[in-house]
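*Asks:* mmCIF, C-alpha atoms, saved as my_file03.cif, coming up:
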```
data_work
loop_
_atom_site.label_atom_id
_atom_site.label_comp_id
_atom_site.auth_asym_id
_atom_site.auth_seq_id
_atom_site.Cartn_x
_atom_site.Cartn_y
_atom_site.Cartn_z
CA MET A 1 0.00 0.00 0.00
CA ASP A 2 1.26 3.45 -0.90
CA GLU A 3 2.34 5.25 2.25
CA THR A 4 0.29 8.31 1.40
CA THR A 5 -2.89 6.23 1.42
CA VAL A 6 -2.44 4.90 4.96
CA PRO A 7 -5.40 6.32 6.88
CA GLU A 8 -4.35 8.25 9.97
CA GLU A 9 -5.84 7.23 13.27
CA PRO A 10 -8.34 9.68 14.73
CA ASP A 11 -6.71 11.81 17.44
CA GLY A 12 -8.74 10.15 20.21
CA LEU A 13 -7.81 6.60 19.26
CA ALA A 14 -4.12 7.47 18.89
CA ALA A 15 -4.10 9.20 22.30
CA PHE A 16 -5.91 6.25 23.89
CA LYS A 17 -3.37 3.80 22.46
CA HIS A 18 -0.40 5.93 23.56
CA ALA A 19 -1.69 6.25 27.08
CA PHE A 20 -2.57 2.60 27.64
CA ARG A 21 0.78 1.57 26.17
CA ARG A 22 2.40 3.63 28.94
CA HIS A 23 0.06 2.33 31.66
CA ALA A 24 0.71 -0.79 33.76
CA ALA A 25 -2.09 -2.86 35.26
CA GLY A 26 -2.62 -5.67 37.73
CA VAL A 27 -4.07 -8.89 36.32
CA VAL A 28 -7.22 -10.59 37.59
CA VAL A 29 -9.41 -13.43 36.40
CA ILE A 30 -13.18 -13.03 36.70
CA THR A 31 -15.35 -16.13 36.82
CA ALA A 32 -19.10 -16.72 36.86
CA LEU A 33 -21.77 -19.26 35.97
CA THR A 34 -24.13 -19.28 33.01
CA PRO A 35 -27.87 -19.70 33.75
CA GLU A 36 -27.27 -23.41 32.90
CA GLY A 37 -24.54 -23.62 35.55
CA LYS A 38 -21.60 -23.76 33.16
CA PRO A 39 -18.41 -22.03 34.38
CA VAL A 40 -17.16 -19.05 32.37
CA GLY A 41 -14.23 -16.74 32.98
CA PHE A 42 -11.85 -14.25 31.47
CA THR A 43 -8.61 -12.44 32.23
CA ALA A 44 -8.95 -8.70 32.86
CA THR A 45 -6.76 -5.70 33.65
CA SER A 46 -9.65 -3.39 34.54
CA LEU A 47 -10.25 -4.19 38.22
CA ALA A 48 -10.50 -0.98 40.23
CA SER A 49 -11.45 -0.15 43.77
CA LEU A 50 -14.51 2.09 44.11
CA ALA A 51 -15.00 2.26 47.91
CA ALA A 52 -14.01 0.39 51.06
CA VAL A 53 -17.22 1.04 53.01
CA PRO A 54 -19.26 -0.55 51.63
CA PRO A 55 -16.59 -2.60 49.79
CA LEU A 56 -17.20 -1.85 46.10
CA ALA A 57 -15.13 -2.57 43.00
CA THR A 58 -15.54 -2.23 39.24
CA PHE A 59 -14.41 -4.03 36.12
CA ASN A 60 -15.08 -3.45 32.42
CA MET A 61 -15.87 -5.76 29.55
CA ALA A 62 -17.06 -5.83 25.96
CA ARG A 63 -20.58 -7.09 25.41
CA ILE A 64 -19.29 -9.23 22.55
CA ALA A 65 -17.19 -11.18 25.09
CA SER A 66 -18.07 -14.85 25.45
CA ALA A 67 -18.73 -14.36 29.18
CA TRP A 68 -21.18 -11.45 28.71
CA PRO A 69 -24.37 -13.57 28.53
CA ALA A 70 -23.39 -15.05 31.91
CA ILE A 71 -22.43 -11.71 33.49
CA GLU A 72 -25.63 -10.15 32.13
CA ASN A 73 -27.80 -12.77 33.83
CA THR A 74 -26.09 -13.63 37.09
CA ASP A 75 -25.92 -12.02 40.51
CA TYR A 76 -22.41 -13.12 41.51
CA VAL A 77 -18.87 -13.22 40.17
CA VAL A 78 -15.53 -14.25 41.66
CA ILE A 79 -12.61 -11.86 41.20
CA GLN A 80 -9.24 -13.56 41.53
CA THR A 81 -6.00 -11.57 41.86
CA MET A 82 -3.27 -13.32 39.94
CA GLY A 83 0.36 -13.92 40.91
CA VAL A 84 3.37 -14.69 38.74
CA ARG A 85 3.14 -18.41 39.50
CA THR A 86 -0.35 -18.46 37.94
CA ARG A 87 0.60 -16.60 34.76
CA HIS A 88 -0.31 -19.77 32.84
CA LEU A 89 -3.87 -19.52 34.21
CA ALA A 90 -4.12 -15.86 33.15
CA GLU A 91 -3.08 -17.01 29.67
CA ARG A 92 -5.48 -19.95 29.68
CA MET A 93 -8.39 -17.69 30.72
CA SER A 94 -7.70 -15.42 27.74
CA GLY A 95 -7.30 -18.33 25.30
CA ASP A 96 -9.60 -20.91 23.72
CA HIS A 97 -13.00 -20.74 25.48
CA ASP A 98 -13.50 -24.48 25.35
CA LEU A 99 -10.31 -25.17 27.32
CA ARG A 100 -10.64 -22.57 30.07
CA PHE A 101 -12.18 -24.98 32.62
CA GLU A 102 -10.85 -28.21 31.13
CA GLY A 103 -8.79 -29.75 33.96
CA GLY A 104 -8.28 -29.76 37.68
CA HIS A 105 -7.08 -26.16 38.08
CA TRP A 106 -10.28 -24.91 39.74
CA PHE A 107 -12.71 -25.78 42.50
CA VAL A 108 -16.31 -24.95 43.37
CA GLY A 109 -16.73 -22.10 45.85
CA PRO A 110 -19.65 -20.08 47.30
CA HIS A 111 -22.84 -20.03 45.18
CA GLY A 112 -21.31 -22.86 43.12
CA LEU A 113 -18.88 -20.39 41.53
CA PRO A 114 -15.62 -21.59 39.94
CA ILE A 115 -12.44 -20.46 41.73
CA LEU A 116 -8.94 -21.00 40.34
CA HIS A 117 -6.34 -22.80 42.43
CA GLY A 118 -3.18 -20.94 43.39
CA VAL A 119 -4.41 -17.36 43.03
CA THR A 120 -3.16 -14.74 45.50
CA SER A 121 -6.71 -13.94 46.68
CA TRP A 122 -10.29 -14.33 45.61
CA MET A 123 -13.41 -12.37 46.45
CA VAL A 124 -17.08 -12.92 45.73
CA GLY A 125 -18.79 -9.85 44.30
CA ARG A 126 -22.55 -9.33 44.09
CA ILE A 127 -23.34 -7.35 40.95
CA VAL A 128 -25.05 -4.09 41.96
CA GLU A 129 -24.83 -2.13 38.69
CA ARG A 130 -24.30 -2.86 35.00
CA LEU A 131 -23.66 0.39 33.13
CA LEU A 132 -23.95 -0.10 29.36
CA VAL A 133 -21.83 2.26 27.25
CA ALA A 134 -21.79 1.69 23.50
CA ASN A 135 -21.03 -2.04 23.06
CA ASN A 136 -19.40 -2.36 26.51
CA ALA A 137 -20.33 -2.68 30.16
CA VAL A 138 -18.98 -1.32 33.43
CA ILE A 139 -19.81 -3.79 36.20
CA VAL A 140 -20.02 -2.63 39.82
CA VAL A 141 -19.82 -5.32 42.51
CA GLU A 142 -20.18 -5.28 46.26
CA ILE A 143 -17.69 -7.67 47.85
CA GLU A 144 -19.39 -10.11 50.21
CA GLU A 145 -16.73 -12.67 51.12
CA GLY A 146 -13.41 -14.13 50.04
CA ALA A 147 -10.05 -15.42 51.14
CA LEU A 148 -6.37 -14.75 50.94
CA GLY A 149 -4.64 -17.27 48.68
CA GLU A 150 -1.04 -18.15 47.94
CA PRO A 151 1.84 -15.82 48.78
CA ASP A 152 3.20 -14.79 45.38
CA ASP A 153 4.36 -11.70 43.50
CA ALA A 154 1.55 -9.71 41.90
CA LEU A 155 1.18 -10.33 38.17
CA ILE A 156 1.42 -7.12 36.12
CA TYR A 157 0.54 -6.56 32.47
CA HIS A 158 2.42 -3.83 30.62
CA GLU A 159 3.34 -3.29 26.95
CA ARG A 160 1.76 -6.65 26.03
CA ARG A 161 3.97 -8.57 28.45
CA TYR A 162 3.51 -10.15 31.87
CA LEU A 163 5.87 -8.72 34.50
CA LYS A 164 6.59 -9.00 38.19
CA PRO A 165 6.84 -5.92 40.44
CA GLY A 166 10.21 -4.17 40.40
CA ASP A 167 12.12 -2.11 42.93
CA GLN A 168 10.60 0.57 45.08
CA VAL A 169 11.16 4.07 43.68
CA MET B 170 -7.77 -3.39 74.40
CA ASP B 171 -8.39 -7.02 75.28
CA GLU B 172 -7.85 -9.16 72.22
CA THR B 173 -11.19 -10.85 72.61
CA THR B 174 -13.02 -7.51 72.29
CA VAL B 175 -11.43 -6.53 68.97
CA PRO B 176 -14.36 -6.28 66.56
CA GLU B 177 -13.89 -8.50 63.56
CA GLU B 178 -14.16 -6.95 60.13
CA PRO B 179 -17.19 -7.97 58.13
CA ASP B 180 -16.31 -10.73 55.64
CA GLY B 181 -16.74 -8.46 52.64
CA LEU B 182 -14.48 -5.71 53.91
CA ALA B 183 -11.79 -8.19 54.92
CA ALA B 184 -11.92 -9.88 51.51
CA PHE B 185 -11.80 -6.50 49.74
CA LYS B 186 -8.72 -5.47 51.74
CA HIS B 187 -6.95 -8.79 51.14
CA ALA B 188 -7.54 -8.64 47.41
CA PHE B 189 -6.48 -5.04 46.88
CA ARG B 190 -3.39 -5.66 49.01
CA ARG B 191 -2.44 -8.37 46.51
CA HIS B 192 -3.32 -6.24 43.48
CA ALA B 193 -0.89 -3.88 41.69
CA ALA B 194 -2.05 -0.81 39.78
CA GLY B 195 -0.70 1.79 37.39
CA VAL B 196 -0.71 5.38 38.65
CA VAL B 197 -2.40 8.30 36.88
CA VAL B 198 -3.18 11.89 37.78
CA ILE B 199 -6.54 13.29 36.74
CA THR B 200 -6.94 17.04 36.35
CA ALA B 201 -9.89 19.32 35.61
CA LEU B 202 -11.17 22.86 36.10
CA THR B 203 -13.76 24.11 38.58
CA PRO B 204 -16.63 26.20 37.16
CA GLU B 205 -14.56 29.23 38.27
CA GLY B 206 -11.60 28.03 36.20
CA LYS B 207 -9.45 26.87 39.12
CA PRO B 208 -7.28 23.78 38.45
CA VAL B 209 -7.99 20.67 40.51
CA GLY B 210 -6.43 17.23 40.37
CA PHE B 211 -5.82 13.99 42.16
CA THR B 212 -3.75 10.83 41.96
CA ALA B 213 -5.67 7.67 41.11
CA THR B 214 -5.05 3.96 40.60
CA SER B 215 -8.46 3.24 39.07
CA LEU B 216 -7.89 4.04 35.39
CA ALA B 217 -9.22 1.23 33.23
CA SER B 218 -9.75 0.78 29.52
CA LEU B 219 -13.37 0.23 28.49
CA ALA B 220 -13.14 0.13 24.68
CA ALA B 221 -10.82 1.16 21.85
CA VAL B 222 -13.51 1.99 19.27
CA PRO B 223 -14.80 4.43 20.33
CA PRO B 224 -11.88 5.06 22.75
CA LEU B 225 -13.46 4.87 26.22
CA ALA B 226 -11.93 4.69 29.70
CA THR B 227 -13.17 4.76 33.28
CA PHE B 228 -11.94 5.97 36.64
CA ASN B 229 -13.51 5.94 40.09
CA MET B 230 -13.68 8.49 42.88
CA ALA B 231 -15.33 9.30 46.18
CA ARG B 232 -17.89 12.08 46.11
CA ILE B 233 -16.32 13.50 49.24
CA ALA B 234 -13.09 14.12 47.27
CA SER B 235 -12.07 17.76 46.91
CA ALA B 236 -12.15 17.43 43.12
CA TRP B 237 -15.71 16.05 42.98
CA PRO B 238 -17.51 19.42 42.62
CA ALA B 239 -15.32 20.11 39.59
CA ILE B 240 -15.76 16.63 38.06
CA GLU B 241 -19.52 16.83 38.70
CA ASN B 242 -19.82 20.07 36.75
CA THR B 243 -17.32 19.87 33.91
CA ASP B 244 -17.29 18.20 30.51
CA TYR B 245 -13.55 17.48 30.25
CA VAL B 246 -10.70 15.97 32.24
CA VAL B 247 -7.06 15.22 31.49
CA ILE B 248 -5.74 11.76 32.38
CA GLN B 249 -1.98 11.66 32.79
CA THR B 250 -0.05 8.37 32.98
CA MET B 251 2.77 8.73 35.47
CA GLY B 252 6.35 7.51 35.25
CA VAL B 253 8.88 6.87 37.99
CA ARG B 254 10.58 10.22 37.39
CA THR B 255 7.30 11.98 38.24
CA ARG B 256 6.64 10.06 41.45
CA HIS B 257 6.97 13.37 43.31
CA LEU B 258 4.03 14.75 41.28
CA ALA B 259 1.91 11.70 42.09
CA GLU B 260 2.68 12.39 45.75
CA ARG B 261 1.99 16.09 45.40
CA MET B 262 -1.39 15.43 43.73
CA SER B 263 -2.41 13.25 46.67
CA GLY B 264 -1.17 15.73 49.29
CA ASP B 265 -2.25 19.18 50.53
CA HIS B 266 -4.93 20.52 48.14
CA ASP B 267 -3.62 24.08 48.35
CA LEU B 268 -0.19 23.09 47.06
CA ARG B 269 -1.16 20.82 44.17
CA PHE B 270 -0.86 23.53 41.51
CA GLU B 271 1.55 25.83 43.36
CA GLY B 272 4.58 26.09 41.08
CA GLY B 273 5.71 25.66 37.51
CA HIS B 274 5.14 21.91 37.19
CA TRP B 275 2.12 22.25 34.87
CA PHE B 276 0.96 24.02 31.75
CA VAL B 277 -2.36 24.94 30.17
CA GLY B 278 -3.60 22.51 27.51
CA PRO B 279 -6.76 22.02 25.44
CA HIS B 280 -9.94 23.57 26.90
CA GLY B 281 -7.71 25.47 29.36
CA LEU B 282 -7.08 22.23 31.25
CA PRO B 283 -4.01 21.82 33.49
CA ILE B 284 -1.46 19.23 32.31
CA LEU B 285 1.55 18.14 34.36
CA HIS B 286 5.04 18.40 32.89
CA GLY B 287 7.08 15.22 32.47
CA VAL B 288 4.26 12.67 32.41
CA THR B 289 4.58 9.65 30.11
CA SER B 290 1.37 10.56 28.23
CA TRP B 291 -1.75 12.64 28.61
CA MET B 292 -5.19 12.32 27.09
CA VAL B 293 -8.23 14.58 27.14
CA GLY B 294 -11.43 12.77 28.07
CA ARG B 295 -14.94 14.07 27.52
CA ILE B 296 -17.16 12.85 30.34
CA VAL B 297 -19.97 10.74 28.87
CA GLU B 298 -21.31 9.05 32.04
CA ARG B 299 -21.23 9.63 35.79
CA LEU B 300 -22.56 6.56 37.58
CA LEU B 301 -23.30 7.32 41.25
CA VAL B 302 -22.99 4.34 43.61
CA ALA B 303 -23.39 5.00 47.32
CA ASN B 304 -21.09 7.95 48.07
CA ASN B 305 -18.88 7.31 45.04
CA ALA B 306 -18.82 7.85 41.29
CA VAL B 307 -17.67 5.86 38.27
CA ILE B 308 -16.69 8.29 35.52
CA VAL B 309 -16.72 7.19 31.87
CA VAL B 310 -14.79 9.34 29.40
CA GLU B 311 -14.37 9.28 25.64
CA ILE B 312 -10.80 10.13 24.67
CA GLU B 313 -10.67 12.98 22.16
CA GLU B 314 -7.01 13.94 21.89
CA GLY B 315 -3.67 13.71 23.67
CA ALA B 316 0.03 13.22 23.28
CA LEU B 317 2.86 10.90 24.16
CA GLY B 318 5.11 12.43 26.82
CA GLU B 319 8.49 11.55 28.29
CA PRO B 320 10.01 8.09 27.91
CA ASP B 321 10.06 6.73 31.46
CA ASP B 322 9.25 3.54 33.35
CA ALA B 323 5.58 3.18 34.29
CA LEU B 324 4.84 4.08 37.91
CA ILE B 325 3.14 1.24 39.81
CA TYR B 326 1.43 1.34 43.20
CA HIS B 327 1.40 -1.87 45.25
CA GLU B 328 1.26 -2.60 48.97
CA ARG B 329 1.28 1.16 49.75
CA ARG B 330 4.57 1.69 47.89
CA TYR B 331 5.56 3.13 44.53
CA LEU B 332 7.43 0.63 42.34
CA LYS B 333 8.86 0.36 38.86
CA PRO B 334 8.07 -2.58 36.57
CA GLY B 335 10.17 -5.70 37.16
CA ASP B 336 11.33 -8.53 34.96
CA GLN B 337 9.17 -10.30 32.43
CA VAL B 338 7.73 -13.57 33.74
#
```
What would the structure in this file look like if it were written as structure tokens?

*Replies:*
Amino acid sequence: MDETTVPEEPDGLAAFKHAFRRHAAGVVVITALTPEGKPVGFTATSLASLAAVPPLATFNMARIASAWPAIENTDYVVIQTMGVRTRHLAERMSGDHDLRFEGGHWFVGPHGLPILHGVTSWMVGRIVERLLVANNAVIVVEIEEGALGEPDDALIYHERRYLKPGDQV
Amino acid sequence: MDETTVPEEPDGLAAFKHAFRRHAAGVVVITALTPEGKPVGFTATSLASLAAVPPLATFNMARIASAWPAIENTDYVVIQTMGVRTRHLAERMSGDHDLRFEGGHWFVGPHGLPILHGVTSWMVGRIVERLLVANNAVIVVEIEEGALGEPDDALIYHERRYLKPGDQV
């Protein structure tokens, strides 16, 4: 293609890409059940704290995601914070849908929800808001219970790579 | 206090604290203008991508925050991704409100908005949703423009400390 015909990105999209390339994020896996009781889950970098009292958190997703029909119709999710020793599970939960729960790497927790083994913590969130914006959703959950998991370095995603935390600055 | 009289935390709050202690987050500073044109800003770890097309992002805040009256009444914010060389600005923007814009560490950008010098990128977001949940707000912005800033390591916040990114895992 002739260089002069390459369409330029709109300013907003270019700025968005620049900024998120410079941003680092913690990695979580979010799991839920379909109305038929089938486990679903996906890897996300959008977990954010909203408040401590009451304990509220948010995460974002596309409504074309395979897990959306489950998230749209359920009351509860599990949010799992991932460590470097479970990087392979973060990769599995962003890979082939049919293989995400194929194996012994998860157990059944509160409300029958799937929980991954070896995560650094997990918490059960009751969905209190689903804000639809264009073809996406912001999900607000109130945390009801959970547990500390394995001691492990936090898993970080930055510039399309998985990293561990570095030195204090 | 006798150990037996220590009130236990509710399950949800304890789980929330455990999980966010294990979670790492990238650091941003969000700036805006009050209706009177005064610059306001704060350090946040809640920036999350919502979509690329259109370019949408979210951040969260308490409605008791000093910047809330500005965010409630304005159309635009600047989101600045912070690097390790601007850790002092992340600290300043979470310190004494009266000193946050005292000095030459910022300039006036699009829409008259304050932008910090030395950040790794900045993007202008038009507020498209304000979701109120209890005494908090989830803000959804559409990114309209911005620029890449200084090359610098991403600033990460984890276990109440500022860190740089570590090795790939």

*Asks:* Translate the PyMOL selection byres ((chain B and resi 255-263) around 10) into a concrete residue list for this structure, as a VMD selection string.

*Replies:* (chain A and resid 169) or (chain B and resid 196 to 200 209 to 213 250 to 254 264 to 266 268 to 271 274 285 to 289 321 to 325 331 to 332)

*Asks:* Nearest to chain B among A:Ala15, A:Leu56, A:Ala32, A:Ile64, with distances taken over only C-alpha atoms: which residue is it?

*Replies:* A:Ala15

*Asks:* Applying the PyMOL selection byres ((chain A and resi 123) around 7) to the file I just gave you, which residues come out? Please list them as a ChimeraX atom specification.

*Replies:* /A:78-80,121-122,124-125,143,145-147 /B:184-185

*Asks:* Produce a file of the selected residues containing C-alpha atoms, as a PDB file, keeping the file's coordinate frame.

*Replies:*
```
ATOM      1  CA  VAL A  78     -15.530 -14.250  41.660  1.00  0.00           C
ATOM      2  CA  ILE A  79     -12.610 -11.860  41.200  1.00  0.00           C
ATOM      3  CA  GLN A  80      -9.240 -13.560  41.530  1.00  0.00           C
ATOM      4  CA  SER A 121      -6.710 -13.940  46.680  1.00  0.00           C
ATOM      5  CA  TRP A 122     -10.290 -14.330  45.610  1.00  0.00           C
ATOM      6  CA  VAL A 124     -17.080 -12.920  45.730  1.00  0.00           C
ATOM      7  CA  GLY A 125     -18.790  -9.850  44.300  1.00  0.00           C
ATOM      8  CA  ILE A 143     -17.690  -7.670  47.850  1.00  0.00           C
ATOM      9  CA  GLU A 145     -16.730 -12.670  51.120  1.00  0.00           C
ATOM     10  CA  GLY A 146     -13.410 -14.130  50.040  1.00  0.00           C
ATOM     11  CA  ALA A 147     -10.050 -15.420  51.140  1.00  0.00           C
TER      12      ALA A 147
ATOM     13  CA  ALA B 184     -11.920  -9.880  51.510  1.00  0.00           C
ATOM     14  CA  PHE B 185     -11.800  -6.500  49.740  1.00  0.00           C
TER      15      PHE B 185
END
```

*Asks:* Return the single residue from A:Pro10, A:Gly103, A:Pro69, A:Gly109 that is closest to Glu36 in chain A, with distances computed using only C-alpha atoms.

*Replies:*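 Going through A:Pro10, A:Gly103, A:Pro69, A:Gly109 one by one, the smallest distance to Glu36 in chain A is for A:Pro69.
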
*Asks:* Mind telling me what the PyMOL selection byres ((chain A and resi 131) around 12) catches here, as a ChimeraX atom specification?

*Replies:* /A:58-63,72,127-130,132-141 /B:219,227,297-302,307-309

*Asks:* In terms of the shortest atom-to-atom distance over only C-alpha atoms, which of B:Gly181, B:His327, B:Ala217, B:Ala239 is closest to Pro204 in chain B?

*Replies:*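 Among B:Gly181, B:His327, B:Ala217, B:Ala239, it is B:Ala239 that comes nearest to Pro204 in chain B.
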
*Asks:* So how far away is CA of Lys186 in chain B from CA of Leu216 in chain B, in Å?

*Replies:* 18.9 Å

*Asks:* From the set A:Ala51, A:Arg126, A:Ile115, A:His18, which residue has the shortest atom-to-atom contact distance to Ile71 in chain A, counting all atoms listed in the file?

*Replies:*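 Looking at the shortest contact to Ile71 in chain A, the residue is A:Arg126.
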
*Asks:* So that I can check the surroundings of Gly206 in chain B, please list as a ChimeraX atom specification every protein, DNA and RNA residue that reaches within 12 Å of it, counting all atoms listed in the file and ignoring chain neighbours fewer than 6 positions away.

*Replies:* /B:200,239,242-243,277,280-283

*Asks:* Residues proximal to (-3.3, -8.2, 55.0) were defined as those with any atom within 9 Å of that point in the file's coordinates, counting only C-alpha atoms. Which are they, as an MDAnalysis selection string?

*Replies:* (chainID A and resid 148) or (chainID B and resid 183 186:188 190:191)

*Asks:* When distances are computed from all atoms listed in the file, which of B:Gly273, B:Asp267, B:Glu313, B:Pro208 shows the smallest separation from chain A?

*Replies:*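 Nearest candidate to chain A out of B:Gly273, B:Asp267, B:Glu313, B:Pro208: B:Glu313.
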
*Asks:* As an exercise, work out the distance from CA of Glu311 in chain B to CA of His23 in chain A in Å and give it to one decimal place.

*Replies:*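 Atom-to-atom, CA of Glu311 in chain B and CA of His23 in chain A are spaced 17.1 Å apart.
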
*Asks:* Can you report as lines of an AutoDock Vina configuration file the centre and edge lengths in Å, to one decimal, of an axis-aligned box around the listed atoms of range 139-151 of chain A padded with 5 Å on each side?

*Replies:*
```
center_x = -9.2
center_y = -10.4
center_z = 43.7
size_x = 32.0
size_y = 25.5
size_z = 24.9
```

*Asks:* Let me make sure I understand: among A:Glu9, A:Gly26, A:Asp75, A:Ala67, which one has the smallest atom-to-atom distance to chain B if we use all atoms listed in the file?

*Replies:* A:Gly26

*Asks:* Can you measure CA of Ala25 in chain A to CA of Thr214 in chain B for me? One decimal in Å is fine.

*Replies:*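 Calculated distance between CA of Ala25 in chain A and CA of Thr214 in chain B is 9.2 Å.
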